[in-house]
Structures are given as C-alpha cells and as structure tokens.
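As stored in coords34.cif (mmCIF, C-alpha atoms and all ligand atoms):
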data_my_file
#
loop_
_atom_site.group_PDB
_atom_site.id
_atom_site.type_symbol
_atom_site.label_atom_id
_atom_site.label_comp_id
_atom_site.auth_asym_id
_atom_site.auth_seq_id
_atom_site.Cartn_x
_atom_site.Cartn_y
_atom_site.Cartn_z
ATOM 1 C CA MET A 1 8.298 -33.561 -12.877
ATOM 2 C CA LYS A 2 8.547 -30.039 -11.502
ATOM 3 C CA GLU A 3 6.650 -27.667 -13.765
ATOM 4 C CA GLY A 4 8.024 -24.278 -14.733
ATOM 5 C CA LYS A 5 5.871 -21.188 -14.602
ATOM 6 C CA LEU A 6 5.990 -18.117 -16.777
ATOM 7 C CA ILE A 7 6.349 -15.047 -14.571
ATOM 8 C CA VAL A 8 5.571 -12.014 -16.671
ATOM 9 C CA VAL A 9 6.516 -8.674 -15.109
ATOM 10 C CA SER A 10 5.465 -5.368 -16.655
ATOM 11 C CA GLY A 11 5.356 -1.872 -15.268
ATOM 12 C CA PHE A 12 5.822 1.806 -15.968
ATOM 13 C CA SER A 13 9.265 2.638 -17.309
ATOM 14 C CA GLY A 14 11.516 3.579 -14.387
ATOM 15 C CA VAL A 15 9.537 1.607 -11.826
ATOM 16 C CA GLY A 16 12.518 -0.605 -10.989
ATOM 17 C CA LYS A 17 11.399 -3.917 -12.510
ATOM 18 C CA GLY A 18 14.926 -4.854 -13.544
ATOM 19 C CA THR A 19 16.361 -4.180 -10.079
ATOM 20 C CA VAL A 20 13.629 -6.167 -8.328
ATOM 21 C CA ILE A 21 14.054 -9.108 -10.700
ATOM 22 C CA LYS A 22 17.826 -9.059 -10.160
ATOM 23 C CA LYS A 23 17.340 -9.109 -6.389
ATOM 24 C CA LEU A 24 14.926 -12.046 -6.639
ATOM 25 C CA MET A 25 17.331 -14.041 -8.781
ATOM 26 C CA GLU A 26 20.237 -13.243 -6.476
ATOM 27 C CA ARG A 27 18.287 -14.565 -3.514
ATOM 28 C CA TYR A 28 16.875 -17.639 -5.232
ATOM 29 C CA PRO A 29 19.294 -18.536 -8.031
ATOM 30 C CA ASP A 30 18.017 -22.095 -8.360
ATOM 31 C CA ASP A 31 14.362 -21.214 -8.729
ATOM 32 C CA TYR A 32 14.327 -18.691 -11.519
ATOM 33 C CA THR A 33 15.833 -17.983 -14.845
ATOM 34 C CA PHE A 34 15.553 -14.682 -16.682
ATOM 35 C CA SER A 35 14.375 -14.498 -20.263
ATOM 36 C CA VAL A 36 17.010 -12.291 -21.877
ATOM 37 C CA SER A 37 15.281 -10.337 -24.628
ATOM 38 C CA ALA A 38 16.770 -9.128 -27.861
ATOM 39 C CA THR A 39 16.621 -5.386 -28.475
ATOM 40 C CA THR A 40 17.821 -2.829 -30.989
ATOM 41 C CA ARG A 41 18.222 -0.090 -28.374
ATOM 42 C CA ALA A 42 21.715 0.929 -27.241
ATOM 43 C CA PRO A 43 23.003 -0.514 -23.940
ATOM 44 C CA ARG A 44 22.765 1.703 -20.843
ATOM 45 C CA GLU A 45 25.787 2.163 -18.634
ATOM 46 C CA GLY A 46 26.429 -1.050 -16.728
ATOM 47 C CA GLU A 47 24.323 -3.232 -19.023
ATOM 48 C CA VAL A 48 26.069 -6.302 -20.391
ATOM 49 C CA ASN A 49 25.307 -7.993 -23.691
ATOM 50 C CA GLY A 50 23.664 -11.352 -22.983
ATOM 51 C CA ARG A 51 22.774 -10.426 -19.381
ATOM 52 C CA GLU A 52 20.183 -7.621 -19.524
ATOM 53 C CA TYR A 53 19.594 -7.963 -23.265
ATOM 54 C CA PHE A 54 21.082 -9.238 -26.469
ATOM 55 C CA PHE A 55 21.867 -5.928 -28.126
ATOM 56 C CA ILE A 56 21.492 -6.497 -31.848
ATOM 57 C CA SER A 57 21.032 -4.547 -35.074
ATOM 58 C CA ARG A 58 17.670 -3.884 -36.731
ATOM 59 C CA GLU A 59 18.751 -6.102 -39.629
ATOM 60 C CA LEU A 60 19.422 -9.058 -37.359
ATOM 61 C CA PHE A 61 16.207 -8.463 -35.425
ATOM 62 C CA GLU A 62 14.208 -8.471 -38.654
ATOM 63 C CA LEU A 63 15.863 -11.757 -39.629
ATOM 64 C CA MET A 64 14.754 -13.250 -36.289
ATOM 65 C CA ILE A 65 11.191 -12.112 -36.985
ATOM 66 C CA ARG A 66 11.344 -13.613 -40.462
ATOM 67 C CA ASP A 67 12.703 -16.923 -39.210
ATOM 68 C CA ASP A 68 10.114 -17.250 -36.383
ATOM 69 C CA LYS A 69 12.777 -17.169 -33.693
ATOM 70 C CA LEU A 70 10.729 -14.956 -31.356
ATOM 71 C CA LEU A 71 7.949 -15.932 -28.978
ATOM 72 C CA GLU A 72 6.670 -12.364 -29.209
ATOM 73 C CA TYR A 73 8.058 -8.963 -30.121
ATOM 74 C CA THR A 74 7.030 -5.344 -30.165
ATOM 75 C CA GLU A 75 8.235 -1.897 -31.137
ATOM 76 C CA TYR A 76 8.657 0.420 -28.184
ATOM 77 C CA GLN A 77 9.780 4.042 -28.439
ATOM 78 C CA GLY A 78 11.405 3.443 -31.821
ATOM 79 C CA ASN A 79 13.213 0.199 -30.962
ATOM 80 C CA TYR A 80 12.435 -3.473 -31.350
ATOM 81 C CA TYR A 81 12.210 -5.716 -28.281
ATOM 82 C CA GLY A 82 11.503 -9.449 -28.449
ATOM 83 C CA THR A 83 11.635 -12.731 -26.561
ATOM 84 C CA PRO A 84 13.801 -15.491 -28.075
ATOM 85 C CA LEU A 85 11.688 -18.626 -28.282
ATOM 86 C CA GLU A 86 14.300 -21.361 -27.941
ATOM 87 C CA PHE A 87 15.579 -20.344 -24.511
ATOM 88 C CA THR A 88 12.088 -20.235 -22.964
ATOM 89 C CA GLU A 89 11.211 -23.626 -24.393
ATOM 90 C CA LYS A 90 14.407 -25.191 -23.071
ATOM 91 C CA MET A 91 13.987 -23.758 -19.565
ATOM 92 C CA LEU A 92 10.366 -24.790 -19.298
ATOM 93 C CA ALA A 93 11.244 -28.282 -20.480
ATOM 94 C CA ALA A 94 13.840 -28.383 -17.664
ATOM 95 C CA GLY A 95 11.159 -27.418 -15.136
ATOM 96 C CA LYS A 96 12.463 -23.903 -14.440
ATOM 97 C CA SER A 97 10.336 -20.812 -13.978
ATOM 98 C CA VAL A 98 11.118 -18.101 -16.477
ATOM 99 C CA ILE A 99 10.853 -14.405 -15.604
ATOM 100 C CA PHE A 100 9.984 -11.950 -18.373
ATOM 101 C CA ASP A 101 10.454 -8.203 -18.098
ATOM 102 C CA ILE A 102 8.228 -7.103 -20.969
ATOM 103 C CA GLU A 103 5.762 -4.355 -21.807
ATOM 104 C CA VAL A 104 2.002 -4.798 -22.073
ATOM 105 C CA ASN A 105 1.698 -5.905 -25.726
ATOM 106 C CA GLY A 106 4.198 -8.693 -25.184
ATOM 107 C CA ALA A 107 2.531 -9.678 -21.910
ATOM 108 C CA MET A 108 -0.870 -9.882 -23.600
ATOM 109 C CA ASN A 109 0.613 -11.991 -26.414
ATOM 110 C CA ILE A 110 2.163 -14.399 -23.947
ATOM 111 C CA ALA A 111 -1.102 -14.554 -21.998
ATOM 112 C CA ARG A 112 -2.981 -15.446 -25.185
ATOM 113 C CA HIS A 113 -0.515 -17.943 -26.611
ATOM 114 C CA ASP A 114 0.363 -20.109 -23.693
ATOM 115 C CA THR A 115 -1.451 -22.932 -22.038
ATOM 116 C CA LEU A 116 1.327 -23.308 -19.458
ATOM 117 C CA PRO A 117 0.960 -22.009 -15.884
ATOM 118 C CA LYS A 118 1.709 -18.319 -15.785
ATOM 119 C CA VAL A 119 1.214 -15.252 -13.693
ATOM 120 C CA LEU A 120 1.046 -11.684 -14.977
ATOM 121 C CA ILE A 121 2.386 -9.064 -12.586
ATOM 122 C CA TYR A 122 2.156 -5.287 -13.027
ATOM 123 C CA MET A 123 4.543 -3.137 -11.009
ATOM 124 C CA LEU A 124 3.686 0.425 -9.973
ATOM 125 C CA PRO A 125 5.819 3.193 -8.468
ATOM 126 C CA PRO A 126 4.788 4.577 -5.063
ATOM 127 C CA SER A 127 4.204 8.000 -6.691
ATOM 128 C CA VAL A 128 4.594 9.930 -9.929
ATOM 129 C CA LYS A 129 7.255 12.089 -8.312
ATOM 130 C CA GLU A 130 9.312 9.019 -7.464
ATOM 131 C CA LEU A 131 8.912 7.658 -11.001
ATOM 132 C CA ALA A 132 10.058 10.900 -12.641
ATOM 133 C CA LYS A 133 12.970 11.083 -10.205
ATOM 134 C CA ARG A 134 14.093 7.535 -11.020
ATOM 135 C CA LEU A 135 13.830 8.073 -14.769
ATOM 136 C CA LYS A 136 15.806 11.296 -14.630
ATOM 137 C CA GLY A 137 18.327 9.798 -12.211
ATOM 138 C CA ARG A 138 19.013 6.965 -14.638
ATOM 139 C CA GLY A 139 20.576 9.606 -16.891
ATOM 140 C CA SER A 140 20.399 7.388 -19.973
ATOM 141 C CA GLU A 141 17.486 9.083 -21.741
ATOM 142 C CA THR A 142 16.993 12.556 -23.138
ATOM 143 C CA LYS A 143 14.187 14.795 -21.857
ATOM 144 C CA GLU A 144 12.104 13.883 -24.908
ATOM 145 C CA GLN A 145 12.707 10.172 -24.390
ATOM 146 C CA ILE A 146 11.675 10.434 -20.735
ATOM 147 C CA ARG A 147 8.544 12.268 -21.777
ATOM 148 C CA GLY A 148 7.805 9.548 -24.355
ATOM 149 C CA ARG A 149 8.203 6.864 -21.681
ATOM 150 C CA LEU A 150 5.901 8.687 -19.263
ATOM 151 C CA GLU A 151 3.296 9.197 -21.998
ATOM 152 C CA ARG A 152 3.552 5.544 -22.772
ATOM 153 C CA ALA A 153 2.930 4.754 -19.086
ATOM 154 C CA VAL A 154 -0.378 6.651 -19.283
ATOM 155 C CA ALA A 155 -1.431 4.478 -22.235
ATOM 156 C CA GLU A 156 -0.204 1.253 -20.575
ATOM 157 C CA ALA A 157 -2.344 1.881 -17.505
ATOM 158 C CA ASP A 158 -5.467 0.775 -19.404
ATOM 159 C CA TYR A 159 -4.107 -2.773 -19.609
ATOM 160 C CA ILE A 160 -3.531 -3.218 -15.884
ATOM 161 C CA PRO A 161 -6.964 -4.855 -15.271
ATOM 162 C CA SER A 162 -5.810 -7.772 -17.481
ATOM 163 C CA TYR A 163 -2.978 -8.640 -15.067
ATOM 164 C CA ASP A 164 -3.304 -11.126 -12.178
ATOM 165 C CA VAL A 165 -1.334 -9.144 -9.634
ATOM 166 C CA ILE A 166 -0.514 -5.472 -8.977
ATOM 167 C CA LEU A 167 2.564 -4.712 -6.926
ATOM 168 C CA VAL A 168 3.837 -1.356 -5.616
ATOM 169 C CA ASN A 169 7.623 -1.057 -5.543
ATOM 170 C CA ARG A 170 8.464 0.892 -2.365
ATOM 171 C CA ASN A 171 11.530 -1.083 -1.404
ATOM 172 C CA VAL A 172 13.485 -3.439 -3.652
ATOM 173 C CA ALA A 173 14.074 -6.302 -1.208
ATOM 174 C CA GLU A 174 10.495 -6.235 0.068
ATOM 175 C CA THR A 175 9.042 -6.086 -3.449
ATOM 176 C CA ALA A 176 11.213 -9.030 -4.515
ATOM 177 C CA GLU A 177 9.838 -11.136 -1.633
ATOM 178 C CA ASN A 178 6.266 -10.068 -2.410
ATOM 179 C CA LEU A 179 6.765 -10.895 -6.044
ATOM 180 C CA ARG A 180 7.971 -14.380 -5.131
ATOM 181 C CA ALA A 181 5.033 -15.049 -2.810
ATOM 182 C CA LEU A 182 2.466 -13.758 -5.298
ATOM 183 C CA ALA A 183 4.024 -15.677 -8.186
ATOM 184 C CA ILE A 184 3.797 -18.881 -6.157
ATOM 185 C CA ALA A 185 0.186 -18.092 -5.210
ATOM 186 C CA GLY A 186 -0.590 -17.235 -8.840
ATOM 187 C CA GLY A 187 -2.670 -14.198 -7.907
ATOM 188 C CA GLN A 188 -3.833 -11.878 -5.145
ATOM 189 C CA ASP A 189 -7.167 -11.384 -3.429
ATOM 190 C CA LYS A 190 -9.769 -9.349 -5.275
ATOM 191 C CA GLU A 191 -10.073 -6.647 -2.658
ATOM 192 C CA THR A 192 -6.350 -5.832 -2.676
ATOM 193 C CA PHE A 193 -6.280 -6.021 -6.460
ATOM 194 C CA ASN A 194 -9.163 -3.567 -6.769
ATOM 195 C CA GLU A 195 -7.629 -1.151 -4.259
ATOM 196 C CA LEU A 196 -4.366 -1.198 -6.222
ATOM 197 C CA LEU A 197 -6.284 -0.758 -9.467
ATOM 198 C CA ASP A 198 -7.804 2.433 -8.015
ATOM 199 C CA PHE A 199 -4.332 3.524 -6.994
ATOM 200 C CA ALA A 200 -3.116 2.897 -10.583
ATOM 201 C CA GLY A 201 -5.983 5.069 -11.853
ATOM 202 C CA ARG A 202 -4.920 7.894 -9.532
ATOM 203 C CA LEU A 203 -1.295 7.557 -10.665
ATOM 204 C CA LYS A 204 -2.450 7.776 -14.275
ATOM 205 C CA GLU A 205 -4.363 11.006 -13.564
ATOM 206 C CA GLU A 206 -1.424 12.451 -11.682
ATOM 207 C CA LEU A 207 0.906 11.513 -14.521
ATOM 208 C CA THR A 208 -1.368 13.247 -17.046
ATOM 209 C CA VAL A 209 -1.308 16.425 -14.949
ATOM 210 C CA TYR A 210 2.478 16.163 -14.504
ATOM 211 C CA LEU A 211 2.967 15.865 -18.271
ATOM 212 C CA SER A 212 0.699 18.829 -19.026
ATOM 213 C CA GLU A 213 2.565 20.991 -16.497
ATOM 214 C CA GLU A 214 5.965 20.003 -17.918
ATOM 215 C CA GLU A 215 5.035 21.237 -21.407
HETATM 216 P P1 LIG B 1 13.928 -0.662 -21.461
HETATM 217 O O1 LIG B 1 14.390 0.078 -22.690
HETATM 218 O O2 LIG B 1 13.531 0.291 -20.357
HETATM 219 O O3 LIG B 1 14.904 -1.725 -21.017
HETATM 220 O O4 LIG B 1 12.607 -1.452 -21.863
HETATM 221 C C1 LIG B 1 11.521 -0.810 -22.435
HETATM 222 C C2 LIG B 1 10.289 -1.672 -22.329
HETATM 223 O O5 LIG B 1 10.410 -2.821 -23.145
HETATM 224 C C3 LIG B 1 10.026 -2.175 -20.911
HETATM 225 O O6 LIG B 1 8.658 -1.985 -20.617
HETATM 226 C C4 LIG B 1 10.376 -3.634 -20.988
HETATM 227 O O7 LIG B 1 9.618 -4.383 -20.072
HETATM 228 C C5 LIG B 1 9.987 -3.949 -22.409
HETATM 229 N N1 LIG B 1 10.625 -5.158 -22.963
HETATM 230 C C6 LIG B 1 11.870 -5.619 -22.727
HETATM 231 N N2 LIG B 1 12.076 -6.759 -23.411
HETATM 232 C C7 LIG B 1 10.941 -7.037 -24.082
HETATM 233 C C8 LIG B 1 10.529 -8.116 -24.945
HETATM 234 O O8 LIG B 1 11.248 -9.059 -25.236
HETATM 235 N N3 LIG B 1 9.270 -8.049 -25.434
HETATM 236 C C9 LIG B 1 8.424 -7.036 -25.152
HETATM 237 N N4 LIG B 1 7.200 -7.087 -25.658
HETATM 238 N N5 LIG B 1 8.785 -6.017 -24.332
HETATM 239 C C10 LIG B 1 10.020 -6.014 -23.807
#
What does the file become when written as structure tokens?
Ligand code: 5GP
Amino acid sequence: MKEGKLIVVSGFSGVGKGTVIKKLMERYPDDYTFSVSATTRAPREGEVNGREYFFISRELFELMIRDDKLLEYTEYQGNYYGTPLEFTEKMLAAGKSVIFDIEVNGAMNIARHDTLPKVLIYMLPPSVKELAKRLKGRGSETKEQIRGRLERAVAEADYIPSYDVILVNRNVAETAENLRALAIAGGQDKETFNELLDFAGRLKEELTVYLSEEE
C-alpha cells in the first residue's frame, strides 16, 4: 500500500508558508492533504473556517486538550494552536501525505512522537526587508503584534539545525516545486543545508539589528 508521509513546514511568520502550501495543493490535489489546525486566534481577512483553521474558543480548545484530541499543541503569541489527531490518522491510514504548517515546538513534538516517514522543512524569506514588508502588507496585525512575531522569529532560528531541509521562498511557484522535490527526496545535501544554515544565521543577526533600530 502507498505510504503517507508527514510533511512538516515551519518558518518565520510572514515568510509565505501558507501561500506556498496552497500552490502545491492546487497543482497536485491528489497527492497532498492539509492538516487544518485548530486555533483560538481571530480569522484574517479571506480565511475560511475549516479551510485555513478551525477557529474555536479557548474553552473548546481546552476541552480538546483535556480529551486528548490533539496530536500536539502550543501557545503562540497569546493564542492556542493545535493539530487535531483524528484527521491525520485517517489520512495516513488512507496512504495520503499530510502537510502541516506549524511552528517549531509543534514540529519538534511531531518529530519526536512519530515513527512514520516524515520530512521537516524550514522556510526562510529572501531578506529581512522582504519579511517585514510582507508582515506589514498583510495588515492583520498591530505594530506590537508584528514586533512580537519578528522577535519570535529570532528565537525560532535556533531550532533550524533540527530540520531536514531549508528552503528560501523567493517565488511562490518555484518554492512549491522545490518543496515537492525535497519532500519526495526526504532531505537535501549537506553542503546546501549548511550554506542555508549560515544564511539563516545572517538573517537572524539582521533581524536583531532591525528590531533594535525600530525601538
Ligand atoms: P498564524 O497566526 O500566522 O496563522 O500562525 C502562527 C504560527 O502558528 C505559525 O508559525 C504556524 O505555523 C503555527 N501553527 C499553526 N497551526 C499550528 C498547530 O496546529 N500547531 C503548532 N504547534 N503550530 C501551529
């Protein structure tokens, strides 16, 4: 039987993970299914309940935690985010690959828990300027929230060495194709990985400077 793979995608807030994943699923609808997370944050413009997320109350989320309905969950910038367990199990049993758009804690939990084939992908922006531009352009967060997300990106950068693949999102369609190829391969060569790890380190430094200048 065809075996499903867990494709875990993380990346700095504003990097365009959601858009790349959407493009990939549009192009290859039979190959992938998206793990729709539950969250207590408010929907952004254009987001649809049950498509990007299940938008639920804190009370309901806490009931899901209590009843062991989540594969993993975390608190991020004051809101809960978590992966419903049942859907993932069903899809894997049907031989489908499941894509997760989750932050580093969730990714590390999935990496630890699962014996199934999986690939952990970290997505980077081409530059700090581009990242800040995308976050501001989204228009759904306040200045303080954007700052919180960028600060969080600095902290997340320390986890990147635990991923299998690093991907720079310069162009949505191209990144979607690269993601597909690397997910199939299950990793990337060490030299490229190390070069991109250096690049991530430089982005982190640049981000730290950017944040100190914005104060
Ligand atoms: P956003 O509010 O920008 O949609 O998501 C914020 C962060 O939460 C992103 O890094 C996203 O990948 C992550 N996230 C979304 N769903 C989940 C989830 O189910 N579990 C975990 N651990 N993180 C999630």
Minimum-distance residue to ligand LIG 1 (chain B), chosen among A:Ser10, A:Thr40, A:Asn169, A:Thr208 (using only C-alpha atoms and all ligand atoms): A:Ser10
Kindly provide, as a compact mmCIF listing (two decimals) with C-alpha atoms, in the coordinates of the input, all nucleotide and amino acid residues lying within 10 Å of ligand LIG 1 (chain B), counting only C-alpha atoms and all ligand atoms.
# COMPACT_ATOMS: atom_id res chain seq x y z
CA VAL A 8 5.57 -12.01 -16.67
CA VAL A 9 6.52 -8.67 -15.11
CA SER A 10 5.46 -5.37 -16.66
CA GLY A 11 5.36 -1.87 -15.27
CA PHE A 12 5.82 1.81 -15.97
CA SER A 13 9.26 2.64 -17.31
CA GLY A 14 11.52 3.58 -14.39
CA VAL A 15 9.54 1.61 -11.83
CA GLY A 16 12.52 -0.60 -10.99
CA LYS A 17 11.40 -3.92 -12.51
CA GLY A 18 14.93 -4.85 -13.54
CA SER A 35 14.38 -14.50 -20.26
CA VAL A 36 17.01 -12.29 -21.88
CA SER A 37 15.28 -10.34 -24.63
CA ALA A 38 16.77 -9.13 -27.86
CA THR A 39 16.62 -5.39 -28.48
CA THR A 40 17.82 -2.83 -30.99
CA ARG A 41 18.22 -0.09 -28.37
CA ALA A 42 21.72 0.93 -27.24
CA PRO A 43 23.00 -0.51 -23.94
CA ARG A 44 22.76 1.70 -20.84
CA GLU A 47 24.32 -3.23 -19.02
CA GLU A 52 20.18 -7.62 -19.52
CA TYR A 53 19.59 -7.96 -23.26
CA PHE A 54 21.08 -9.24 -26.47
CA LEU A 70 10.73 -14.96 -31.36
CA LEU A 71 7.95 -15.93 -28.98
CA GLU A 72 6.67 -12.36 -29.21
CA TYR A 73 8.06 -8.96 -30.12
CA THR A 74 7.03 -5.34 -30.16
CA GLU A 75 8.24 -1.90 -31.14
CA TYR A 76 8.66 0.42 -28.18
CA GLN A 77 9.78 4.04 -28.44
CA ASN A 79 13.21 0.20 -30.96
CA TYR A 80 12.44 -3.47 -31.35
CA TYR A 81 12.21 -5.72 -28.28
CA GLY A 82 11.50 -9.45 -28.45
CA THR A 83 11.64 -12.73 -26.56
CA PRO A 84 13.80 -15.49 -28.08
CA PHE A 100 9.98 -11.95 -18.37
CA ASP A 101 10.45 -8.20 -18.10
CA ILE A 102 8.23 -7.10 -20.97
CA GLU A 103 5.76 -4.36 -21.81
CA VAL A 104 2.00 -4.80 -22.07
CA ASN A 105 1.70 -5.90 -25.73
CA GLY A 106 4.20 -8.69 -25.18
CA ALA A 107 2.53 -9.68 -21.91
CA MET A 108 -0.87 -9.88 -23.60
CA ASN A 109 0.61 -11.99 -26.41
CA ILE A 110 2.16 -14.40 -23.95
CA LEU A 135 13.83 8.07 -14.77
CA SER A 140 20.40 7.39 -19.97
CA GLU A 141 17.49 9.08 -21.74
CA ARG A 149 8.20 6.86 -21.68
CA ARG A 152 3.55 5.54 -22.77
CA ALA A 153 2.93 4.75 -19.09
CA GLU A 156 -0.20 1.25 -20.58
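Of the listed residues (A:Leu131, A:Ile146, A:Ala93, A:Leu182), A:Ala93 comes nearest to Glu3 (chain A); the distances count all atoms listed in the file.
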Please list as a VMD selection string every residue within 6 Å of region 62-69 of chain A, counting only C-alpha atoms and excluding residues in the same chain fewer than 2 positions away. chain A and resid 59 to 60 84 to 85
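Among the candidates A:Ala173, A:Leu150, A:Ile56, A:Leu24, the residue lying nearest to Glu205 (chain A) is A:Leu150 (atoms considered: all atoms listed in the file).
Rounded to one decimal, CA of Ala157 (chain A) and CA of Lys136 (chain A) lie 20.6 Å from each other.
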Expand the PyMOL selection byres (((chain A and resi 193-196) around 9) and not hetatm) into the explicit residue set it covers here, and present it as a PyMOL selection string. chain A and resi 161+164-168+188-192+197-201
Using the chain letters and residue numbers of this document, give as a VMD selection string the residues selected by the PyMOL selection byres (((chain A and resi 33) around 10) and not hetatm). chain A and resid 7 21 25 28 to 32 34 to 36 87 to 88 91 to 92 96 to 100
Carefully work through the PyMOL selection byres (((chain A and resi 119) around 6) and not hetatm) for this structure and note down the residues it includes, as a PyMOL selection string. chain A and resi 7+118+120+186
Selected residues written out, C-alpha atoms, as a PDB file, in the coordinates of the input:
ATOM      1  CA  ILE A   7       6.349 -15.047 -14.571  1.00  0.00           C
ATOM      2  CA  LYS A 118       1.709 -18.319 -15.785  1.00  0.00           C
ATOM      3  CA  LEU A 120       1.046 -11.684 -14.977  1.00  0.00           C
ATOM      4  CA  GLY A 186      -0.590 -17.235  -8.840  1.00  0.00           C
TER       5      GLY A 186
END
Using the file's own x, y and z axes, so that the box edges lie along x, y and z, what centre and edge lengths in Å (one decimal) does a box around every listed atom of region 99-111 of chain A get when 3 Å is added on each side? Give it as AutoDock Vina command-line options.
--center_x 4.9 --center_y -9.5 --center_z -21.0 --size_x 18.0 --size_y 16.2 --size_z 16.8
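Between CA of Val172 (chain A) and CA of Arg138 (chain A) there is a distance of 16.1 Å.
Distances to Ala94 (chain A) were evaluated for A:Lys5, A:Val209, A:Ala111, A:Ile121 using all atoms listed in the file, and the minimum falls at A:Lys5.
In this model, the gap between CA of Pro117 (chain A) and CA of Ala185 (chain A) comes to 11.4 Å.
Counting all atoms listed in the file and comparing A:Arg170, A:Lys129, A:Lys143, A:Arg134, the residue that lies closest to Leu203 (chain A) is A:Lys129.
Comparing A:Gly46, A:Glu151, A:Lys22, A:Leu6 by their smallest distance to Ser212 (chain A), the closest is A:Glu151 (using all atoms listed in the file).
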